[in-house]
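K.L.:
Below is entry_26.cif; it holds mmCIF, C-alpha atoms.
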data_data
loop_
_atom_site.label_atom_id
_atom_site.label_comp_id
_atom_site.auth_asym_id
_atom_site.auth_seq_id
_atom_site.Cartn_x
_atom_site.Cartn_y
_atom_site.Cartn_z
CA MET R 64 37.62 -0.94 9.29
CA SER R 65 36.34 2.61 9.74
CA SER R 66 37.40 3.28 13.31
CA GLY R 67 36.55 6.80 14.39
CA ALA R 68 35.00 7.89 11.08
CA LEU R 69 31.39 7.17 12.10
CA ALA R 70 29.63 7.11 15.45
CA LYS R 71 28.90 3.63 16.75
CA PRO R 72 25.29 2.84 15.94
CA GLN R 73 22.77 1.57 18.46
CA MET R 74 23.52 -2.12 18.84
CA ARG R 75 21.12 -3.41 21.48
CA GLY R 76 17.56 -3.05 22.49
CA LEU R 77 16.33 -2.26 18.99
CA LEU R 78 13.28 -4.48 19.13
CA ALA R 79 12.40 -3.31 22.62
CA ARG R 80 12.56 0.31 21.55
CA ARG R 81 10.45 -0.37 18.47
CA LEU R 82 7.86 -2.23 20.51
CA ARG R 83 7.70 0.55 23.07
CA ILE R 84 7.14 3.22 20.44
CA HIS R 85 4.58 1.22 18.54
CA MET R 86 2.74 0.05 21.64
CA VAL R 87 2.27 3.64 22.79
CA GLY R 88 1.26 4.71 19.32
CA ALA R 89 -1.19 1.84 18.96
CA PHE R 90 -2.86 2.64 22.25
CA ILE R 91 -3.16 6.32 21.42
CA LEU R 92 -4.48 5.69 17.92
CA SER R 93 -6.99 3.06 18.89
CA ILE R 94 -8.35 4.97 21.87
CA GLY R 95 -8.44 8.10 19.75
CA ALA R 96 -10.30 6.35 16.97
CA GLY R 97 -12.80 4.90 19.44
CA ALA R 98 -13.38 8.24 21.12
CA TYR R 99 -13.74 10.02 17.80
CA TYR R 100 -16.29 7.48 16.58
CA LYS R 101 -18.27 7.69 19.81
CA PHE R 102 -18.58 11.45 19.70
CA ALA R 103 -18.69 12.27 16.03
CA VAL R 104 -20.85 9.35 14.91
CA GLY R 105 -22.59 7.69 17.84
CA ASP R 106 -23.68 10.65 19.90
CA GLN R 107 -24.50 12.66 16.79
CA ARG R 108 -26.79 9.93 15.58
CA LYS R 109 -28.54 9.58 18.92
CA LYS R 110 -29.12 13.32 18.97
CA ALA R 111 -30.50 13.29 15.42
CA TYR R 112 -32.98 10.56 16.27
CA ALA R 113 -34.03 12.26 19.51
CA ASP R 114 -34.62 15.54 17.70
CA PHE R 115 -36.61 13.83 14.97
CA TYR R 116 -38.92 11.99 17.26
CA ARG R 117 -39.41 14.74 19.83
CA ASN R 118 -42.22 16.44 17.87
CA TYR R 119 -43.10 13.61 15.53
CA ASP R 120 -46.74 13.19 14.57
CA SER R 121 -47.13 9.81 12.92
CA MET R 122 -50.72 10.39 11.78
CA LYS R 123 -49.77 13.58 9.98
CA ASP R 124 -46.91 11.75 8.35
CA PHE R 125 -49.28 9.00 7.25
CA GLU R 126 -51.72 11.49 5.79
CA GLU R 127 -48.97 13.13 3.74
CA MET R 128 -47.89 9.78 2.38
CA ARG R 129 -51.46 8.78 1.58
CA LYS R 130 -52.08 11.98 -0.32
CA ALA R 131 -48.90 11.41 -2.34
CA GLY R 132 -50.49 8.18 -3.53
CA ILE R 133 -47.93 5.56 -2.59
CA PHE R 134 -50.24 3.21 -0.70
CA GLN R 135 -52.21 0.48 -2.36
CA SER R 136 -54.44 -0.31 0.62
CA ALA R 137 -55.30 3.24 1.73
CA LYS R 138 -56.13 5.62 -1.09
CA MET N 13 27.01 -24.69 -13.36
CA LEU N 14 26.47 -21.17 -14.65
CA ALA N 15 25.57 -18.31 -12.37
CA ARG N 16 21.90 -17.38 -12.49
CA ALA N 17 22.05 -13.69 -11.62
CA PRO N 18 18.69 -11.87 -11.67
CA TRP N 19 18.16 -9.13 -14.23
CA SER N 20 18.13 -6.31 -11.70
CA LEU N 21 21.50 -7.30 -10.26
CA VAL N 22 22.98 -7.61 -13.74
CA LEU N 23 21.78 -4.16 -14.72
CA ARG N 24 22.77 -2.47 -11.47
CA SER N 25 26.22 -3.77 -10.77
CA ARG N 26 28.05 -2.28 -13.72
CA GLY N 27 31.68 -2.40 -12.75
CA LEU N 28 31.56 -4.96 -9.98
CA ARG N 29 30.36 -7.78 -12.20
CA THR N 30 33.75 -8.16 -13.79
CA ARG N 31 35.22 -9.62 -10.64
CA GLY N 32 33.39 -12.78 -9.76
CA VAL N 33 30.36 -14.46 -11.27
CA HIS N 34 30.79 -18.00 -10.04
CA SER N 35 28.99 -20.28 -7.70
CA PRO N 36 31.71 -22.89 -7.86
CA GLY N 37 29.90 -26.07 -6.90
CA GLY N 38 29.11 -24.74 -3.45
CA THR N 39 25.36 -24.95 -4.01
CA ALA N 40 25.20 -28.64 -3.34
CA GLN N 41 26.39 -28.16 0.22
CA ALA N 42 24.05 -25.32 1.13
CA GLU N 43 20.74 -26.94 0.47
CA ASP N 44 19.11 -26.38 3.84
CA LYS N 45 18.74 -22.63 3.41
CA MET N 46 18.28 -21.76 -0.24
CA PRO N 47 19.59 -18.31 -1.16
CA PRO N 48 17.31 -16.08 -3.20
CA TYR N 49 19.07 -16.30 -6.53
CA ILE N 50 22.76 -16.91 -6.27
CA ASN N 51 25.36 -17.76 -3.69
CA CYS N 52 27.79 -14.89 -3.76
CA TYR N 53 25.43 -11.89 -3.83
CA ALA N 54 24.17 -10.50 -0.56
CA LEU N 55 20.74 -8.99 -0.04
CA ARG N 56 19.36 -7.04 2.83
CA SER N 57 17.29 -10.06 3.75
CA TYR N 58 20.18 -12.48 3.17
CA PRO N 59 23.27 -10.63 4.33
CA MET N 60 25.86 -13.44 4.50
CA PRO N 61 26.07 -15.25 1.18
CA GLU N 62 27.55 -18.71 1.01
CA ASP N 63 30.41 -18.16 -1.40
CA PRO N 64 33.01 -15.42 -1.51
CA CYS N 65 32.84 -12.98 -4.35
CA CYS N 66 36.29 -13.50 -5.83
CA THR N 67 37.57 -17.04 -5.95
CA GLU N 68 40.43 -16.55 -8.40
CA LEU N 69 43.03 -14.87 -6.24
CA SER N 70 46.21 -13.31 -7.48
CA ALA N 71 49.47 -14.06 -5.67
CA GLU N 72 49.32 -11.07 -3.36
CA GLN N 73 45.68 -11.77 -2.60
CA GLN N 74 46.61 -15.30 -1.63
CA ALA N 75 49.35 -13.97 0.60
CA LEU N 76 46.75 -11.74 2.22
CA LYS N 77 44.51 -14.70 2.80
CA GLU N 78 47.40 -16.51 4.51
CA LYS N 79 47.95 -13.48 6.70
CA GLU N 80 44.27 -13.50 7.57
CA LYS N 81 44.70 -16.91 9.18
CA GLY N 82 46.82 -15.31 11.89
CA SER N 83 45.79 -12.70 14.36
CA TRP N 84 43.59 -10.03 12.85
CA ALA N 85 45.09 -7.32 14.98
CA GLN N 86 48.17 -7.27 12.75
CA LEU N 87 46.19 -6.45 9.60
CA THR N 88 46.26 -2.85 8.51
CA LYS N 89 43.06 -0.98 7.73
CA ALA N 90 43.68 -1.18 3.97
CA GLU N 91 44.23 -4.93 4.23
CA LYS N 92 40.97 -5.39 6.11
CA VAL N 93 39.16 -3.44 3.41
CA ALA N 94 40.82 -5.58 0.73
CA LEU N 95 39.77 -8.76 2.51
CA TYR N 96 36.22 -7.48 2.78
CA ARG N 97 36.16 -6.74 -0.92
CA LEU N 98 37.41 -10.24 -1.67
CA GLN N 99 34.61 -11.78 0.31
CA TYR N 100 31.67 -9.53 -0.46
CA ASN N 101 31.17 -7.66 -3.66
CA GLU N 102 29.08 -4.83 -2.17
CA THR N 103 29.06 -3.08 1.17
CA PHE N 104 25.81 -2.65 3.01
CA ALA N 105 25.58 0.93 1.86
CA GLU N 106 26.05 -0.08 -1.78
CA MET N 107 23.69 -3.03 -1.47
CA ASN N 108 20.91 -0.97 0.05
CA ARG N 109 21.16 2.01 -2.24
CA ARG N 110 17.99 3.49 -3.62
CA SER N 111 17.04 3.42 -7.24
CA ASN N 112 14.77 5.37 -9.53
CA GLU N 113 12.72 2.32 -10.42
CA TRP N 114 9.60 3.71 -8.82
CA LYS N 115 9.36 6.43 -11.44
CA THR N 116 9.35 3.86 -14.20
CA VAL N 117 6.74 1.79 -12.40
CA MET N 118 4.41 4.73 -11.76
CA GLY N 119 4.86 5.97 -15.32
CA GLY N 120 3.98 2.57 -16.70
CA VAL N 121 0.96 2.26 -14.45
CA PHE N 122 -0.42 5.66 -15.46
CA PHE N 123 0.26 5.00 -19.08
CA PHE N 124 -1.66 1.75 -19.10
CA VAL N 125 -4.52 3.26 -17.11
CA GLY N 126 -4.73 5.93 -19.78
CA VAL N 127 -4.75 3.36 -22.56
CA THR N 128 -7.54 1.53 -20.77
CA GLY N 129 -9.51 4.74 -20.53
CA LEU N 130 -9.19 5.34 -24.24
CA ILE N 131 -10.32 1.81 -25.01
CA ILE N 132 -13.37 2.19 -22.81
CA TRP N 133 -14.23 5.52 -24.40
CA TRP N 134 -14.13 3.88 -27.83
CA LYS N 135 -16.37 1.10 -26.53
CA ARG N 136 -18.84 3.63 -25.18
CA VAL N 137 -19.10 5.25 -28.60
CA TYR N 138 -19.20 2.15 -30.80
CA VAL N 139 -20.12 -0.92 -28.74
CA PHE N 140 -22.43 -0.31 -25.80
CA PRO N 141 -26.19 -0.76 -26.41
CA GLU N 142 -28.95 1.63 -25.36
CA LYS N 143 -29.49 2.27 -21.68
CA PRO N 144 -32.31 0.26 -20.09
CA ILE N 145 -35.48 2.24 -19.41
CA THR N 146 -34.83 2.35 -15.68
CA LEU N 147 -31.66 4.40 -16.24
CA THR N 148 -33.24 7.17 -18.31
CA ASP N 149 -33.45 10.54 -16.65
CA GLN N 150 -37.23 10.64 -16.61
CA TRP N 151 -37.55 7.28 -14.88
CA LYS N 152 -34.86 8.23 -12.34
CA ALA N 153 -36.69 11.47 -11.52
CA GLN N 154 -39.97 9.60 -10.96
CA GLN N 155 -38.12 7.06 -8.81
CA LEU N 156 -36.63 9.80 -6.65
CA GLN N 157 -40.02 11.46 -6.24
CA ARG N 158 -41.51 8.18 -5.07
CA ILE N 159 -38.75 7.67 -2.51
CA LEU N 160 -39.30 11.18 -1.16
CA ASP N 161 -43.05 10.53 -0.95
CA MET N 162 -42.38 7.41 1.06
CA LYS N 163 -40.05 9.43 3.27
CA GLY N 164 -37.12 7.06 2.99
CA ASN N 165 -34.50 7.63 5.73
CA PRO N 166 -36.20 10.67 7.23
CA VAL N 167 -33.79 11.03 10.19
CA GLN N 168 -30.33 11.30 8.68
CA GLY N 169 -30.67 10.16 5.06
CA LEU N 170 -32.32 11.17 1.81
CA ALA N 171 -35.72 12.47 2.98
CA ALA N 172 -34.02 14.33 5.82
CA ARG N 173 -32.27 16.55 3.26
CA TRP N 174 -35.47 17.41 1.35
CA ASP N 175 -37.50 20.41 2.42
CA TYR N 176 -41.14 19.28 2.12
CA ASP N 177 -42.58 22.77 2.49
CA LYS N 178 -40.53 24.46 -0.15
CA LYS N 179 -40.22 21.31 -2.30
CA GLU N 180 -36.49 21.62 -2.81
CA TRP N 181 -33.27 20.30 -1.30
CA LYS N 182 -32.30 21.79 2.02
CA LYS N 183 -29.37 24.15 1.91
#
Rewrite the coordinates I just gave you, this time as structure tokens.
P.N.:
Amino acid sequence: MSSGALAKPQMRGLLARRLRIHMVGAFILSIGAGAYYKFAVGDQRKKAYADFYRNYDSMKDFEEMRKAGIFQSAK
Amino acid sequence: MLARAPWSLVLRSRGLRTRGVHSPGGTAQAEDKMPPYINCYALRSYPMPEDPCCTELSAEQQALKEKEKGSWAQLTKAEKVALYRLQYNETFAEMNRRSNEWKTVMGGVFFFVGVTGLIIWWKRVYVFPEKPITLTDQWKAQQLQRILDMKGNPVQGLAARWDYDKKEWKK
């Protein structure tokens, strides 16, 4: 019909090529998402808790709360 | 049996509709794989329709069909194109062409969201009752003060962002 007017399109291996591209992309994205979550969320949170509890005085905390008047059993 | 063309096909195919609108009794034989709407229109998901597009052939078209029964190498390029047009009423490029329908859809969506917003505004002015006491500003301030006194979420949450010495939010 249109011999020579257009280049012959890719006829074979279309699914294989698509799978290859998407498999690579899926691996990269999932590992990237996991790594990002570990560093940005997980390690950050562990650090925040460690910093909070390093110099934490629970009795002082309790006294502040008691003075603010929130307890019913310890006025 | 009349052709049941969908609205979008009727509106889109302006000139091509004049050629063939029949499904001449062929539907009874093609029951195992039902076409989307009609038997002579192709879709991207249904590329080989059951019935040819033009079934009333003129004399020269019939002669062409006879020639088609022989070897296809003897057909000229123009004849091959003519045979294609007899069989299918749109090429793949024509069938898959884009449209501007999305603009209409988005416009309609935004318009109705706007109408909904106006209706809700009217309701807020004329219909809704008074807020319950727990939603007044004074109650909410006392509630927040109590949460800060209890030191809720002191590591990463609410009380962590409150400066207890200066009695204000941390910068």
K.L.:
For chain N, work out the contacting residues on chain R at 12 Å, counting all atoms listed in the file, and write them as a list in words.
P.N.:
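Here is what falls inside 12 Å: Met64, Ser65, Ser66, Val104, Gln107, Arg108, Lys109, Lys110, Ala111, Tyr112, Ala113, Asp114, Phe115, Tyr116, Arg117, Tyr119, Ser121, Asp124, Phe125, Glu126, Glu127, Met128, Arg129, Lys130, Ala131, Gly132, Ile133 and Phe134 of chain R.
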K.L.:
Quick one, how far is CA of Leu76 (chain N) from CA of Leu95 (chain N)?
P.N.:
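Going from CA of Leu76 (chain N) over to CA of Leu95 (chain N) covers 7.6 Å.
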K.L.:
Would you work out the distance separating CA of Tyr53 (chain N) from CA of Asn112 (chain N), expressed in Å to one decimal?
P.N.:
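One can read the CA of Tyr53 (chain N) to CA of Asn112 (chain N) distance as 21.1 Å.
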K.L.:
Mind giving me the straight-line distance from CA of Ala105 (chain N) to CA of Arg56 (chain N) in Å, one decimal?
P.N.:
10.2 Å
